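Containing compact mmCIF, C-alpha atoms: upload04.txt.
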# COMPACT_ATOMS: atom_id res chain seq x y z
CA MET A 1 -76.24 40.79 -35.68
CA ASN A 2 -74.76 44.27 -35.92
CA ASN A 3 -70.96 43.94 -35.54
CA SER A 4 -70.66 47.65 -34.84
CA LEU A 5 -72.73 47.21 -31.70
CA ASP A 6 -70.61 44.23 -30.66
CA ASN A 7 -67.46 46.37 -30.92
CA ARG A 8 -68.81 49.02 -28.57
CA PRO A 9 -66.97 49.17 -25.23
CA SER A 10 -68.89 47.76 -22.31
CA CYS A 11 -70.11 49.99 -19.49
CA ALA A 12 -67.40 48.54 -17.25
CA ALA A 13 -64.70 49.28 -19.84
CA ARG A 14 -65.97 52.82 -20.29
CA TRP A 15 -65.97 53.29 -16.47
CA VAL A 16 -62.36 52.04 -16.22
CA SER A 17 -61.28 54.28 -19.10
CA ALA A 18 -62.94 57.30 -17.50
CA ARG A 19 -61.28 56.55 -14.15
CA ILE A 20 -57.86 56.28 -15.81
CA ALA A 21 -58.38 59.54 -17.69
CA SER A 22 -59.59 61.26 -14.53
CA ARG A 23 -56.61 60.05 -12.51
CA SER A 24 -54.22 61.08 -15.30
CA ASN A 25 -55.73 64.56 -15.31
CA VAL A 26 -55.27 64.80 -11.55
CA ILE A 27 -51.61 63.77 -11.89
CA LEU A 28 -51.06 66.23 -14.73
CA SER A 29 -52.71 69.01 -12.75
CA ALA A 30 -50.52 68.25 -9.75
CA LEU A 31 -47.41 68.30 -11.94
CA LEU A 32 -48.52 71.61 -13.43
CA VAL A 33 -48.96 73.15 -9.97
CA LEU A 34 -45.56 71.80 -8.91
CA ALA A 35 -43.88 73.15 -12.02
CA THR A 36 -45.40 76.57 -11.54
CA SER A 37 -44.43 76.65 -7.86
CA VAL A 38 -40.85 75.64 -8.61
CA ALA A 39 -40.58 78.20 -11.39
CA LEU A 40 -41.81 81.00 -9.16
CA ALA A 41 -40.08 80.08 -5.89
CA PRO A 42 -36.92 82.08 -5.08
CA ALA A 43 -33.55 80.45 -4.53
CA ALA A 44 -30.66 82.09 -2.70
CA ARG A 45 -27.62 83.71 -4.20
CA ALA A 46 -24.39 83.41 -2.25
CA ASP A 47 -22.89 86.63 -3.60
CA SER A 48 -25.47 89.28 -2.66
CA TYR A 49 -27.29 90.00 0.60
CA THR A 50 -29.93 92.51 1.56
CA PHE A 51 -29.35 94.34 4.84
CA ASN A 52 -31.56 96.34 7.15
CA TRP A 53 -30.54 97.89 10.48
CA SER A 54 -32.25 100.48 12.61
CA GLY A 55 -32.29 101.87 16.12
CA HIS A 56 -31.61 105.01 18.16
CA GLY A 57 -32.23 107.32 15.21
CA ILE A 58 -30.22 105.24 12.71
CA THR A 59 -31.85 103.60 9.68
CA THR A 60 -29.95 101.89 6.88
CA SER A 61 -30.88 99.33 4.24
CA GLY A 62 -29.69 98.09 0.88
CA VAL A 63 -27.63 95.31 -0.74
CA ILE A 64 -24.03 94.21 -0.27
CA ASP A 65 -22.05 92.17 -2.78
CA VAL A 66 -19.57 89.66 -1.40
CA THR A 67 -16.97 87.20 -2.63
CA ALA A 68 -15.51 84.16 -0.87
CA THR A 69 -12.07 84.31 0.71
CA SER A 70 -9.59 81.52 1.45
CA MET A 71 -10.94 81.33 5.02
CA PRO A 72 -13.97 78.98 5.12
CA GLY A 73 -17.19 80.82 5.90
CA THR A 74 -15.53 84.23 5.47
CA TYR A 75 -16.45 86.58 2.63
CA GLN A 76 -15.10 89.95 1.54
CA ILE A 77 -17.60 92.73 0.90
CA THR A 78 -16.88 94.14 -2.55
CA GLY A 79 -19.77 96.54 -3.12
CA ILE A 80 -22.74 98.21 -1.48
CA ASP A 81 -25.91 100.05 -2.51
CA GLY A 82 -28.63 101.54 -0.36
CA THR A 83 -29.54 104.43 1.91
CA PHE A 84 -28.49 105.66 5.33
CA SER A 85 -30.10 108.16 7.66
CA ASP A 86 -29.28 109.54 11.10
CA SER A 87 -32.04 111.61 12.68
CA ASN A 88 -29.67 112.55 15.50
CA ALA A 89 -27.53 114.46 13.02
CA GLY A 90 -30.48 115.45 10.83
CA PHE A 91 -28.97 113.68 7.84
CA SER A 92 -30.15 111.23 5.21
CA GLY A 93 -28.59 110.17 1.93
CA THR A 94 -27.71 107.54 -0.64
CA ILE A 95 -24.81 105.19 0.04
CA THR A 96 -22.17 106.14 -2.52
CA GLY A 97 -19.70 103.30 -2.09
CA LEU A 98 -17.56 101.07 0.07
CA ASN A 99 -14.34 102.27 1.70
CA ALA A 100 -11.56 99.98 0.47
CA ALA A 101 -9.76 97.56 2.78
CA SER A 102 -7.20 94.91 1.91
CA LEU A 103 -7.70 91.35 3.09
CA PRO A 104 -6.04 90.82 6.46
CA THR A 105 -3.09 88.49 6.95
CA TYR A 106 -4.02 85.56 9.15
CA THR A 107 -1.55 83.99 11.55
CA PRO A 108 -1.50 80.19 11.09
CA GLY A 109 -3.61 78.55 13.75
CA SER A 110 -5.14 81.85 14.85
CA THR A 111 -7.93 84.16 13.72
CA TYR A 112 -6.34 87.26 15.22
CA PHE A 113 -5.13 90.07 12.97
CA GLY A 114 -4.73 93.81 13.10
CA ALA A 115 -7.27 96.10 11.47
CA PRO A 116 -6.27 96.61 7.82
CA ALA A 117 -7.91 100.05 7.47
CA PHE A 118 -9.25 103.03 9.42
CA THR A 119 -11.69 105.82 8.60
CA ASP A 120 -10.71 109.49 9.02
CA ALA A 121 -12.69 109.50 12.26
CA GLY A 122 -10.62 106.63 13.63
CA PHE A 123 -12.91 103.64 13.12
CA SER A 124 -11.19 100.36 12.20
CA TYR A 125 -12.72 98.15 9.50
CA ASP A 126 -11.90 95.10 7.36
CA ASN A 127 -15.06 94.70 5.21
CA LEU A 128 -15.36 91.01 6.10
CA PHE A 129 -18.74 89.26 6.14
CA TYR A 130 -19.77 86.02 7.84
CA PRO A 131 -23.18 84.94 6.46
CA ALA A 132 -23.62 82.23 9.11
CA GLY A 133 -23.38 84.88 11.84
CA ASP A 134 -20.35 83.16 13.36
CA SER A 135 -17.60 85.76 13.10
CA PRO A 136 -14.49 84.79 15.08
CA ALA A 137 -12.56 86.85 17.60
CA VAL A 138 -10.13 88.81 15.43
CA CYS A 139 -8.80 91.45 17.83
CA VAL A 140 -6.30 90.36 20.49
CA ASP A 141 -7.43 93.24 22.70
CA ALA A 142 -11.07 92.06 22.56
CA PRO A 143 -11.12 88.24 22.50
CA MET A 144 -14.71 88.13 23.74
CA PHE A 145 -16.11 89.88 20.63
CA SER A 146 -17.25 87.06 18.33
CA GLY A 147 -20.41 85.75 16.73
CA GLY A 148 -22.05 88.04 14.15
CA VAL A 149 -22.30 88.73 10.43
CA PHE A 150 -19.42 91.19 10.93
CA ASP A 151 -16.45 90.94 13.26
CA ILE A 152 -15.46 93.69 15.69
CA TYR A 153 -13.80 95.71 12.89
CA GLY A 154 -16.83 95.60 10.57
CA MET A 155 -17.34 97.43 7.30
CA SER A 156 -17.17 101.09 6.30
CA PHE A 157 -19.01 102.98 3.57
CA ASN A 158 -19.66 106.53 2.43
CA VAL A 159 -22.94 108.39 2.12
CA ALA A 160 -23.64 111.35 -0.18
CA GLY A 161 -22.78 114.63 1.50
CA GLY A 162 -19.51 113.60 3.17
CA TYR A 163 -20.89 111.13 5.70
CA THR A 164 -18.78 108.09 6.64
CA VAL A 165 -20.24 105.06 8.43
CA ASP A 166 -18.68 102.11 10.21
CA LEU A 167 -20.90 99.14 11.07
CA TRP A 168 -19.62 96.25 13.19
CA SER A 169 -20.82 93.41 15.41
CA GLN A 170 -20.49 92.93 19.13
CA GLY A 171 -21.40 89.29 18.64
CA ASP A 172 -22.22 87.46 21.85
CA LEU A 173 -22.04 90.70 23.82
CA GLY A 174 -25.14 91.90 22.05
CA GLY A 175 -26.15 93.12 18.62
CA ASP A 176 -24.62 95.34 15.98
CA LEU A 177 -23.20 98.82 16.36
CA VAL A 178 -22.88 101.87 14.12
CA GLY A 179 -20.17 104.44 14.53
CA ASP A 180 -20.49 107.42 12.21
CA SER A 181 -18.86 110.72 11.42
CA PHE A 182 -20.27 113.71 9.58
CA LYS A 183 -17.72 116.07 8.04
CA GLY A 184 -15.12 114.82 10.52
CA VAL A 185 -17.26 115.09 13.66
CA LYS A 186 -16.97 111.85 15.58
CA LEU A 187 -20.26 110.62 17.04
CA GLY A 188 -18.93 107.41 18.55
CA ASP A 189 -15.61 105.73 19.21
CA SER A 190 -14.02 102.38 18.41
CA ALA A 191 -15.37 100.81 21.61
CA ASN A 192 -18.80 102.42 21.94
CA GLY A 193 -21.14 102.89 19.01
CA ILE A 194 -24.83 103.45 18.41
CA SER A 195 -26.73 100.20 18.94
CA VAL A 196 -28.90 98.99 16.06
CA THR A 197 -30.87 95.83 15.34
CA GLY A 198 -31.56 94.01 12.10
CA GLY A 199 -29.65 91.68 9.86
CA THR A 200 -29.01 90.31 6.39
CA SER A 201 -30.73 87.90 3.99
CA PRO A 202 -29.57 86.28 0.73
CA VAL A 203 -30.85 88.08 -2.36
CA PRO A 204 -33.48 85.94 -4.19
CA GLU A 205 -32.17 84.44 -7.42
CA PRO A 206 -34.95 82.50 -9.20
CA SER A 207 -33.18 81.76 -12.49
CA SER A 208 -32.11 78.18 -11.71
CA LEU A 209 -35.55 77.25 -10.38
CA ILE A 210 -37.19 78.87 -13.39
CA LEU A 211 -35.21 76.49 -15.63
CA LEU A 212 -36.28 73.52 -13.51
CA GLY A 213 -39.89 74.67 -13.55
CA THR A 214 -39.76 75.12 -17.32
CA GLY A 215 -38.58 71.52 -17.62
CA PHE A 216 -41.54 70.34 -15.54
CA LEU A 217 -43.91 72.33 -17.76
CA GLY A 218 -42.43 70.67 -20.82
CA LEU A 219 -42.91 67.23 -19.25
CA VAL A 220 -46.54 68.04 -18.45
CA GLY A 221 -47.15 69.11 -22.04
CA THR A 222 -45.61 65.91 -23.41
CA LEU A 223 -47.74 63.72 -21.13
CA ARG A 224 -50.89 65.61 -22.13
CA ARG A 225 -50.19 65.01 -25.82
CA LYS A 226 -49.54 61.31 -25.28
CA LEU A 227 -52.74 60.85 -23.29
CA ALA A 228 -54.74 62.77 -25.88
CA ALA A 229 -53.41 60.46 -28.60
Since I need it in another form, could you write the structure as structure tokens?
Amino acid sequence: MNNSLDNRPSCAARWVSARIASRSNVILSALLVLATSVALAPAARADSYTFNWSGHGITTSGVIDVTATSMPGTYQITGIDGTFSDSNAGFSGTITGLNAASLPTYTPGSTYFGAPAFTDAGFSYDNLFYPAGDSPAVCVDAPMFSGGVFDIYGMSFNVAGGYTVDLWSQGDLGGDLVGDSFKGVKLGDSANGISVTGGTSPVPEPSSLILLGTGFLGLVGTLRRKLAA
């Protein structure tokens, strides 16, 4: 009797082996898809946000950089890049930088504080940012103004050509407002601005997920080699 024939795997054994290999390939393929998806999916950075507002002839978009303050949920805007245009004034330009404002002094047990800075046109600003859209009432004279990514003071920035912009939130009273001045000409006032709509979103930061996805790819490669052996 030929021993080599006796040592051949039976049809049933070959079928089981093929099923195991097929299932392993399916699992490896699924892991590969998962690893690729994780590696390519964006995460969110907490220190940079894109913004986009428009309405009534105003269009502005770009990125703001923020840093956390001692007040939970409150961030200070530290930098800005983007563009701003006002068709009402026939002007469009690159945002050249943020107007500086010191952090306000909070009264214990209260969110109220006076505006720490003003533009030449008379707009108050504090450059505070509330990513959850839950800005508190900060002005004693306007306790109803709350709920937005900015408070009623808002932020101020400059645009190439001598254009100064102040952007703030009306919160529950409705939307965001822009007050702007071109070469000292005031187009709005501290109570009534130009209404705009839009918002902010965290800037995608895929680096951490790329590392996780790379780890998955390495695991898939190791499993493939072991199965091949």
Using all atoms listed in the file, which residue out of A:Gly109, A:Pro104, A:Gly193, A:Gly154 lies closest to Tyr125 in chain A?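 Ranking A:Gly109, A:Pro104, A:Gly193, A:Gly154 by distance to Tyr125 in chain A, first place goes to A:Gly154.
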CA of Ser146 in chain A to CA of Thr74 in chain A, distance in Å rounded to a single decimal: 13.3 Å
Contacts of Gly147 in chain A at 8 Å (all atoms listed in the file; same-chain gap of 4+ positions) as a list in words: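 Close residues of Gly147 in chain A: Gly133, Asp134, Ser135, Pro136, Ala137, Asp151, Ser169, Gln170, Gly171 and Asp172 of chain A.
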Shortest interatomic distance to Tyr106 in chain A - which of A:Thr69, A:Thr59, A:Thr164, A:Ser156, counting all atoms listed in the file: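 The shortest atom-to-atom distance to Tyr106 in chain A comes from A:Thr69.
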Between CA of Pro108 in chain A and CA of Val140 in chain A, what is the distance, to one decimal in Å? 14.7 Å
Would you mind reading off the distance between CA of Ile64 in chain A and CA of Asp166 in chain A, one decimal, in Å?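 CA of Asp166 in chain A lies at a distance of 14.2 Å from CA of Ile64 in chain A.
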